[in-house]
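**Q** I'm passing along work-v3.cif; it holds mmCIF, C-alpha atoms and all ligand atoms.
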```cif
data_start
loop_
_atom_site.group_PDB
_atom_site.id
_atom_site.type_symbol
_atom_site.label_atom_id
_atom_site.label_comp_id
_atom_site.auth_asym_id
_atom_site.auth_seq_id
_atom_site.Cartn_x
_atom_site.Cartn_y
_atom_site.Cartn_z
ATOM 1 C CA MET A 549 3.023 38.082 -9.701
ATOM 2 C CA SER A 550 -0.534 38.057 -8.408
ATOM 3 C CA PHE A 551 -2.664 34.976 -7.989
ATOM 4 C CA THR A 552 -5.225 34.938 -10.787
ATOM 5 C CA ASP A 553 -8.901 33.987 -11.032
ATOM 6 C CA LYS A 554 -7.821 31.140 -13.284
ATOM 7 C CA GLN A 555 -5.371 29.815 -10.692
ATOM 8 C CA GLU A 556 -8.022 29.989 -7.993
ATOM 9 C CA ALA A 557 -10.495 28.160 -10.249
ATOM 10 C CA LEU A 558 -7.938 25.421 -10.987
ATOM 11 C CA VAL A 559 -7.312 24.871 -7.277
ATOM 12 C CA ASN A 560 -11.027 24.956 -6.467
ATOM 13 C CA SER A 561 -12.068 22.453 -9.092
ATOM 14 C CA SER A 562 -9.343 19.956 -8.207
ATOM 15 C CA TRP A 563 -10.151 20.398 -4.489
ATOM 16 C CA GLU A 564 -13.752 19.403 -5.334
ATOM 17 C CA SER A 565 -12.506 16.302 -7.175
ATOM 18 C CA PHE A 566 -10.215 15.458 -4.251
ATOM 19 C CA LYS A 567 -13.184 15.538 -1.866
ATOM 20 C CA GLN A 568 -15.140 13.171 -4.075
ATOM 21 C CA ASN A 569 -12.825 10.331 -3.195
ATOM 22 C CA LEU A 570 -11.361 11.275 0.153
ATOM 23 C CA PRO A 571 -10.737 7.757 1.504
ATOM 24 C CA GLN A 572 -8.557 6.801 -1.461
ATOM 25 C CA TYR A 573 -6.730 10.111 -1.805
ATOM 26 C CA SER A 574 -6.036 10.565 1.883
ATOM 27 C CA VAL A 575 -4.408 7.114 2.026
ATOM 28 C CA LEU A 576 -2.386 7.958 -1.109
ATOM 29 C CA PHE A 577 -1.244 11.273 0.427
ATOM 30 C CA TYR A 578 0.128 9.631 3.606
ATOM 31 C CA THR A 579 1.597 6.732 1.654
ATOM 32 C CA ILE A 580 3.688 9.189 -0.362
ATOM 33 C CA ILE A 581 4.679 11.116 2.785
ATOM 34 C CA LEU A 582 5.922 7.915 4.450
ATOM 35 C CA GLU A 583 7.782 6.798 1.310
ATOM 36 C CA LYS A 584 9.781 10.035 1.484
ATOM 37 C CA ALA A 585 10.033 10.304 5.258
ATOM 38 C CA PRO A 586 9.473 6.898 6.921
ATOM 39 C CA ALA A 587 10.423 8.288 10.322
ATOM 40 C CA ALA A 588 7.446 10.668 10.182
ATOM 41 C CA LYS A 589 5.102 7.720 10.840
ATOM 42 C CA GLY A 590 5.542 8.000 14.586
ATOM 43 C CA MET A 591 4.567 11.682 14.529
ATOM 44 C CA PHE A 592 0.980 11.064 13.451
ATOM 45 C CA SER A 593 -1.390 9.736 16.117
ATOM 46 C CA PHE A 594 -3.428 7.949 13.463
ATOM 47 C CA LEU A 595 -0.422 6.201 11.871
ATOM 48 C CA LYS A 596 1.973 5.400 14.659
ATOM 49 C CA ASP A 597 0.309 2.195 15.808
ATOM 50 C CA SER A 598 -0.821 0.871 12.429
ATOM 51 C CA ALA A 599 0.987 -1.381 9.983
ATOM 52 C CA GLY A 600 1.691 0.851 7.001
ATOM 53 C CA VAL A 601 -0.929 3.439 6.086
ATOM 54 C CA GLN A 602 -4.363 2.165 7.087
ATOM 55 C CA TYR A 603 -7.495 4.110 6.344
ATOM 56 C CA SER A 604 -9.145 5.717 9.352
ATOM 57 C CA PRO A 605 -11.650 8.570 9.771
ATOM 58 C CA THR A 606 -8.995 10.662 11.588
ATOM 59 C CA LEU A 607 -6.501 10.127 8.779
ATOM 60 C CA GLN A 608 -9.115 11.254 6.293
ATOM 61 C CA ALA A 609 -10.159 14.269 8.400
ATOM 62 C CA HIS A 610 -6.549 15.341 8.676
ATOM 63 C CA ALA A 611 -5.889 15.105 4.929
ATOM 64 C CA GLU A 612 -9.076 17.043 4.254
ATOM 65 C CA LYS A 613 -7.873 19.806 6.611
ATOM 66 C CA VAL A 614 -4.448 20.090 4.995
ATOM 67 C CA PHE A 615 -5.780 20.237 1.424
ATOM 68 C CA GLY A 616 -8.660 22.478 2.525
ATOM 69 C CA LEU A 617 -6.289 24.996 4.113
ATOM 70 C CA VAL A 618 -4.213 25.108 0.928
ATOM 71 C CA ARG A 619 -7.398 25.730 -1.006
ATOM 72 C CA ASP A 620 -8.352 28.526 1.454
ATOM 73 C CA SER A 621 -4.905 30.022 0.878
ATOM 74 C CA ALA A 622 -5.549 30.115 -2.856
ATOM 75 C CA VAL A 623 -8.764 32.048 -2.175
ATOM 76 C CA GLN A 624 -6.915 34.462 0.142
ATOM 77 C CA LEU A 625 -4.130 34.971 -2.390
ATOM 78 C CA ARG A 626 -6.608 35.846 -5.110
ATOM 79 C CA THR A 627 -8.768 38.131 -2.945
ATOM 80 C CA LYS A 628 -6.166 39.752 -0.638
ATOM 81 C CA GLY A 629 -2.809 38.929 -2.195
ATOM 82 C CA VAL A 630 -1.544 37.420 1.072
ATOM 83 C CA VAL A 631 -2.170 34.396 3.258
ATOM 84 C CA VAL A 632 -3.127 35.001 6.867
ATOM 85 C CA LEU A 633 -2.936 31.977 9.137
ATOM 86 C CA GLU A 634 -6.480 31.538 10.414
ATOM 87 C CA ASP A 635 -5.604 29.034 13.115
ATOM 88 C CA ALA A 636 -2.909 30.526 15.347
ATOM 89 C CA ARG A 637 -2.445 27.157 17.116
ATOM 90 C CA LEU A 638 -0.829 25.585 14.071
ATOM 91 C CA GLY A 639 2.632 26.927 14.941
ATOM 92 C CA ALA A 640 2.589 25.399 18.420
ATOM 93 C CA ILE A 641 1.039 22.108 17.257
ATOM 94 C CA HIS A 642 3.765 21.525 14.690
ATOM 95 C CA ILE A 643 6.561 22.452 17.097
ATOM 96 C CA GLN A 644 5.136 20.050 19.627
ATOM 97 C CA LYS A 645 5.011 17.234 17.033
ATOM 98 C CA GLY A 646 8.659 17.809 16.093
ATOM 99 C CA VAL A 647 8.008 19.055 12.554
ATOM 100 C CA SER A 648 10.999 20.734 10.870
ATOM 101 C CA GLY A 649 11.665 22.650 7.648
ATOM 102 C CA PRO A 650 12.482 19.638 5.414
ATOM 103 C CA HIS A 651 9.169 18.008 6.370
ATOM 104 C CA PHE A 652 7.370 20.830 4.584
ATOM 105 C CA ALA A 653 9.060 19.863 1.305
ATOM 106 C CA VAL A 654 7.974 16.239 1.785
ATOM 107 C CA VAL A 655 4.361 17.199 2.420
ATOM 108 C CA LYS A 656 4.453 19.532 -0.578
ATOM 109 C CA GLU A 657 5.649 16.772 -2.882
ATOM 110 C CA ALA A 658 2.998 14.392 -1.559
ATOM 111 C CA LEU A 659 0.282 17.008 -1.990
ATOM 112 C CA LEU A 660 1.286 17.776 -5.594
ATOM 113 C CA LYS A 661 1.539 14.083 -6.495
ATOM 114 C CA THR A 662 -1.857 13.405 -4.952
ATOM 115 C CA ILE A 663 -3.406 16.253 -6.932
ATOM 116 C CA LYS A 664 -1.838 14.854 -10.093
ATOM 117 C CA GLU A 665 -3.583 11.554 -9.406
ATOM 118 C CA VAL A 666 -6.854 13.360 -8.596
ATOM 119 C CA VAL A 667 -7.072 15.306 -11.858
ATOM 120 C CA GLY A 668 -5.710 12.648 -14.236
ATOM 121 C CA ASP A 669 -5.519 13.934 -17.803
ATOM 122 C CA LYS A 670 -6.662 17.398 -16.693
ATOM 123 C CA TRP A 671 -3.244 17.911 -15.073
ATOM 124 C CA SER A 672 -1.195 20.867 -16.345
ATOM 125 C CA ASP A 673 1.844 22.906 -15.295
ATOM 126 C CA GLU A 674 -0.489 25.787 -14.606
ATOM 127 C CA LEU A 675 -2.573 23.714 -12.195
ATOM 128 C CA ASN A 676 0.546 22.373 -10.509
ATOM 129 C CA ILE A 677 1.995 25.866 -10.060
ATOM 130 C CA ALA A 678 -1.291 27.171 -8.618
ATOM 131 C CA TRP A 679 -1.244 24.468 -5.896
ATOM 132 C CA GLU A 680 2.467 24.983 -5.369
ATOM 133 C CA VAL A 681 2.168 28.736 -4.809
ATOM 134 C CA ALA A 682 -0.807 28.363 -2.465
ATOM 135 C CA TYR A 683 1.013 25.646 -0.472
ATOM 136 C CA ASP A 684 4.285 27.602 -0.258
ATOM 137 C CA GLU A 685 2.565 30.729 1.021
ATOM 138 C CA LEU A 686 0.633 28.751 3.629
ATOM 139 C CA ALA A 687 3.730 26.791 4.686
ATOM 140 C CA THR A 688 5.593 30.090 5.136
ATOM 141 C CA THR A 689 2.925 31.380 7.527
ATOM 142 C CA ILE A 690 3.027 28.137 9.554
ATOM 143 C CA LYS A 691 6.844 28.189 9.687
ATOM 144 C CA LYS A 692 6.720 31.814 10.857
ATOM 145 C CA ALA A 693 4.245 30.860 13.566
ATOM 146 C CA MET A 694 6.699 28.109 14.595
ATOM 147 C CA SER A 695 9.684 30.422 14.943
HETATM 148 C C1 LIG B 1 -1.497 18.554 12.716
HETATM 149 C C2 LIG B 1 -2.158 21.409 8.875
HETATM 150 C C3 LIG B 1 2.401 20.589 7.486
HETATM 151 C C4 LIG B 1 2.663 17.045 10.740
HETATM 152 C C5 LIG B 1 -2.041 19.458 11.826
HETATM 153 C C6 LIG B 1 -3.358 20.007 11.905
HETATM 154 C C7 LIG B 1 -3.543 20.792 10.836
HETATM 155 C C8 LIG B 1 -2.346 20.742 10.051
HETATM 156 C C9 LIG B 1 -4.790 21.585 10.465
HETATM 157 C C10 LIG B 1 -4.379 19.610 12.937
HETATM 158 C C11 LIG B 1 -4.518 20.521 14.057
HETATM 159 C C12 LIG B 1 -5.700 20.030 14.861
HETATM 160 O O1 LIG B 1 -5.538 19.088 15.636
HETATM 161 O O2 LIG B 1 -6.788 20.574 14.670
HETATM 162 C C13 LIG B 1 -0.975 21.443 8.165
HETATM 163 C C14 LIG B 1 -0.747 22.222 6.962
HETATM 164 C C15 LIG B 1 0.548 22.006 6.587
HETATM 165 C C16 LIG B 1 1.117 21.079 7.542
HETATM 166 C C17 LIG B 1 -1.788 23.085 6.287
HETATM 167 C C18 LIG B 1 1.328 22.559 5.424
HETATM 168 C C19 LIG B 1 1.034 23.662 4.751
HETATM 169 C C20 LIG B 1 2.865 19.537 8.243
HETATM 170 C C21 LIG B 1 4.140 18.909 8.062
HETATM 171 C C22 LIG B 1 4.204 17.884 8.951
HETATM 172 C C23 LIG B 1 2.966 17.902 9.715
HETATM 173 C C24 LIG B 1 5.185 19.336 7.046
HETATM 174 C C25 LIG B 1 5.317 16.887 9.131
HETATM 175 C C26 LIG B 1 5.454 15.843 8.369
HETATM 176 C C27 LIG B 1 1.561 17.170 11.557
HETATM 177 C C28 LIG B 1 1.312 16.285 12.686
HETATM 178 C C29 LIG B 1 0.116 16.718 13.262
HETATM 179 C C30 LIG B 1 -0.342 17.850 12.471
HETATM 180 C C31 LIG B 1 2.198 15.136 13.110
HETATM 181 C C32 LIG B 1 -0.629 16.067 14.437
HETATM 182 C C33 LIG B 1 -1.575 15.055 13.831
HETATM 183 C C34 LIG B 1 -2.120 14.084 14.830
HETATM 184 O O3 LIG B 1 -1.374 13.235 15.294
HETATM 185 O O4 LIG B 1 -3.319 14.146 15.114
HETATM 186 N N1 LIG B 1 -1.457 19.919 10.678
HETATM 187 N N2 LIG B 1 0.163 20.758 8.469
HETATM 188 N N3 LIG B 1 2.179 18.922 9.247
HETATM 189 N N4 LIG B 1 0.560 18.078 11.461
HETATM 190 FE FE1 LIG B 1 0.376 19.442 10.014
#
```
Let me see the file written as structure tokens.
**A**
Amino acid sequence: MSFTDKQEALVNSSWESFKQNLPQYSVLFYTIILEKAPAAKGMFSFLKDSAGVQYSPTLQAHAEKVFGLVRDSAVQLRTKGVVVLEDARLGAIHIQKGVSGPHFAVVKEALLKTIKEVVGDKWSDELNIAWEVAYDELATTIKKAMS
């Protein structure tokens, strides 16, 4: 099944809403990640020395990158039908940090829950699936780069 204009538009508009309140949503995103995988705290330079999830500009920049890359993947899926990893370093970075397969499921769940919070009553299965597909395709390219 190809990625549709509608799916791309759903991802784009919720990405814009996400950016409108980055401090709040980036903290929410990492809070959910650490609820599911408490041990992951030590992996993130901007979390390891803080009590719980504290807001910081690096935390926010990192969340913006992750969501932004998923959004870019949605654009690639609609225009080219495939996701090409634009930053070849991402494989090595994640190996070095000790990221493994199950972590990708945790980050996916946190991303989808954050988007649900972002869009409020505009949430739909269709929107959720659009983010899910874009994330899965991107995660596959990163995992390939890690192997
Ligand atoms: C670093 C993206 C999944 C843990 C990064 C960076 C990017 C990124 C762009 C920063 C590279 C830089 O320094 O410029 C993504 C995307 C993911 C993903 C798009 C999924 C599609 C994961 C997962 C984990 C993870 C599943 C594990 C829980 C980390 C850590 C760093 C990192 C620990 C280093 C952050 C730091 O301490 O500064 N990731 N990532 N990432 N990622 Fe991911």
**Q** Sorted by chain and rising residue number, list the residues of segment 550-658 of chain A at most 12 Å from segment 662-673 of chain A (counting all atoms listed in the file), each with its closest atom pair and distance in Å to one decimal, as a tab-separated table.
**A**
```
residue	atom	partner	partner_atom	distance
A:Gln555	CA	A:Asp673	CA	11.0
A:Leu558	CA	A:Ser672	CA	9.7
A:Val559	CA	A:Ile663	CA	9.5
A:Asn560	CA	A:Ile663	CA	11.6
A:Ser561	CA	A:Val667	CA	9.1
A:Ser562	CA	A:Val667	CA	6.3
A:Trp563	CA	A:Ile663	CA	8.3
A:Glu564	CA	A:Val666	CA	9.7
A:Ser565	CA	A:Val666	CA	6.5
A:Phe566	CA	A:Val666	CA	5.9
A:Lys567	CA	A:Val666	CA	9.5
A:Gln568	CA	A:Val666	CA	9.4
A:Asn569	CA	A:Val666	CA	8.6
A:Leu570	CA	A:Val666	CA	10.1
A:Gln572	CA	A:Val666	CA	9.8
A:Tyr573	CA	A:Thr662	CA	6.7
A:Ser574	CA	A:Thr662	CA	8.5
A:Val575	CA	A:Thr662	CA	9.7
A:Leu576	CA	A:Thr662	CA	6.7
A:Phe577	CA	A:Thr662	CA	5.8
A:Tyr578	CA	A:Thr662	CA	9.6
A:Thr579	CA	A:Thr662	CA	10.0
A:Ile580	CA	A:Thr662	CA	8.3
A:Ile581	CA	A:Thr662	CA	10.4
A:Ala611	CA	A:Thr662	CA	10.8
A:Phe615	CA	A:Ile663	CA	9.6
A:Val618	CA	A:Ile663	CA	11.9
A:Arg619	CA	A:Ile663	CA	11.9
A:Val655	CA	A:Thr662	CA	10.4
A:Lys656	CA	A:Thr662	CA	9.8
A:Glu657	CA	A:Thr662	CA	8.5
A:Ala658	CA	A:Thr662	CA	6.0
```
**Q** Quick one: everything within 8 Å of Thr689 of chain A, counting all atoms listed in the file, minus sequence neighbours fewer than 4 positions away in the same chain. Send it as a PyMOL selection string.
**A** chain A and resi 631-633+685+693
**Q** Hey, which residues come within 7 Å of ligand LIG 1 (chain B) if we count all atoms listed in the file? Could you give them as a list in words?
**A**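 Sorted by chain and then by number, the residues are Ala588, Met591, Phe592, Ser593, Phe594, His610, Lys613, Val614, Phe615, Leu617, Val618, Leu638, Ile641, His642, Lys645, Val647, His651, Phe652, Ala653, Val654, Val655, Tyr683, Leu686, Ala687 and Ile690 of chain A.
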**Q** Which residue, A:Leu675, A:Ser621, A:Gln644, A:Leu582, has the smallest gap to Thr688 of chain A when you use all atoms listed in the file?
**A**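 With all atoms listed in the file as the atom set, the closest residue is A:Ser621.
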**Q** Suppose you want the space between atom CA of Ile643 of chain A and atom CA of Met694 of chain A; what is it in Å?
**A**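 Atom CA of Met694 of chain A lies at a distance of 6.2 Å from atom CA of Ile643 of chain A.
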**Q** Between atom CA of Lys584 of chain A and atom CA of Leu659 of chain A, what distance in Å does the model show, to one decimal?
**A** 12.3 Å
**Q** Here is a test: counting all atoms listed in the file, which residue of A:Thr627, A:Glu612, A:Pro586, A:Ser695 is nearest to Gly600 of chain A?
**A**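 Smallest separation from Gly600 of chain A among the options: A:Pro586.
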**Q** What is the distance between atom CA of Leu625 of chain A and atom CA of Arg637 of chain A, in Å to one decimal?
**A**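 If I compute the distance from atom CA of Leu625 of chain A to atom CA of Arg637 of chain A, I get 21.1 Å.
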**Q** Considering all atoms listed in the file, can you say which of A:Asp635, A:Gln624, A:Leu660, A:Ser648 comes closest to Ser550 of chain A?
**A**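 Residue with the minimum atom-to-atom distance to Ser550 of chain A: A:Gln624.
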**Q** Have a look at A:Val601, A:Trp679, A:Gly629, A:Ala636 and name the one nearest to Gly616 of chain A; count all atoms listed in the file.
**A**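 The answer is A:Trp679, which sits nearest to Gly616 of chain A.
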**Q** Between A:Pro571, A:Gly646, A:Glu634, A:Ile677, which is the closest to Pro605 of chain A once you count only C-alpha atoms?
**A**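 Checking each candidate against Pro605 of chain A, we get A:Pro571 as the closest.
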**Q** Find the residue from A:Phe551, A:Ala557, A:Gly590, A:Lys691 that sits nearest to Gly639 of chain A; use only C-alpha atoms when measuring.
**A**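 Once distances to Gly639 of chain A are computed over only C-alpha atoms, the minimum belongs to A:Lys691.
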**Q** Would you mind completing segment 587-600 of chain A to N, CA, C and O atoms and writing the output as an mmCIF file, in the frame of the given file?
**A**
```
data_model
loop_
_atom_site.group_PDB
_atom_site.id
_atom_site.type_symbol
_atom_site.label_atom_id
_atom_site.label_comp_id
_atom_site.auth_asym_id
_atom_site.auth_seq_id
_atom_site.Cartn_x
_atom_site.Cartn_y
_atom_site.Cartn_z
ATOM 1 N N ALA A 587 10.378 7.996 8.881
ATOM 2 C CA ALA A 587 10.423 8.288 10.322
ATOM 3 C C ALA A 587 9.247 9.158 10.771
ATOM 4 O O ALA A 587 8.961 9.240 11.969
ATOM 5 N N ALA A 588 8.566 9.788 9.825
ATOM 6 C CA ALA A 588 7.446 10.668 10.182
ATOM 7 C C ALA A 588 6.234 9.867 10.679
ATOM 8 O O ALA A 588 5.322 10.430 11.285
ATOM 9 N N LYS A 589 6.248 8.556 10.443
ATOM 10 C CA LYS A 589 5.102 7.720 10.840
ATOM 11 C C LYS A 589 4.737 7.905 12.306
ATOM 12 O O LYS A 589 3.562 8.064 12.650
ATOM 13 N N GLY A 590 5.765 7.904 13.140
ATOM 14 C CA GLY A 590 5.542 8.000 14.586
ATOM 15 C C GLY A 590 4.990 9.349 15.036
ATOM 16 O O GLY A 590 4.526 9.481 16.166
ATOM 17 N N MET A 591 5.047 10.351 14.157
ATOM 18 C CA MET A 591 4.567 11.682 14.529
ATOM 19 C C MET A 591 3.045 11.768 14.502
ATOM 20 O O MET A 591 2.444 12.599 15.178
ATOM 21 N N PHE A 592 2.427 10.955 13.660
ATOM 22 C CA PHE A 592 0.980 11.064 13.451
ATOM 23 C C PHE A 592 0.237 10.074 14.344
ATOM 24 O O PHE A 592 0.459 8.862 14.242
ATOM 25 N N SER A 593 -0.660 10.590 15.176
ATOM 26 C CA SER A 593 -1.390 9.736 16.117
ATOM 27 C C SER A 593 -2.136 8.610 15.396
ATOM 28 O O SER A 593 -2.253 7.504 15.898
ATOM 29 N N PHE A 594 -2.599 8.926 14.182
ATOM 30 C CA PHE A 594 -3.428 7.949 13.463
ATOM 31 C C PHE A 594 -2.604 6.996 12.593
ATOM 32 O O PHE A 594 -3.147 6.158 11.892
ATOM 33 N N LEU A 595 -1.266 7.127 12.631
ATOM 34 C CA LEU A 595 -0.422 6.201 11.871
ATOM 35 C C LEU A 595 0.513 5.397 12.762
ATOM 36 O O LEU A 595 0.933 4.302 12.395
ATOM 37 N N LYS A 596 0.843 5.963 13.913
ATOM 38 C CA LYS A 596 1.973 5.400 14.659
ATOM 39 C C LYS A 596 1.771 3.949 15.080
ATOM 40 O O LYS A 596 2.729 3.201 15.113
ATOM 41 N N ASP A 597 0.523 3.567 15.355
ATOM 42 C CA ASP A 597 0.309 2.195 15.808
ATOM 43 C C ASP A 597 -0.233 1.263 14.723
ATOM 44 O O ASP A 597 -0.615 0.136 15.007
ATOM 45 N N SER A 598 -0.276 1.739 13.472
ATOM 46 C CA SER A 598 -0.821 0.871 12.429
ATOM 47 C C SER A 598 0.297 0.330 11.543
ATOM 48 O O SER A 598 1.366 0.925 11.438
ATOM 49 N N ALA A 599 0.020 -0.817 10.921
ATOM 50 C CA ALA A 599 0.987 -1.381 9.983
ATOM 51 C C ALA A 599 0.815 -0.651 8.665
ATOM 52 O O ALA A 599 -0.246 -0.717 8.049
ATOM 53 N N GLY A 600 1.810 0.076 8.234
ATOM 54 C CA GLY A 600 1.691 0.851 7.001
ATOM 55 C C GLY A 600 0.643 1.937 7.154
ATOM 56 O O GLY A 600 0.331 2.357 8.266
#
```
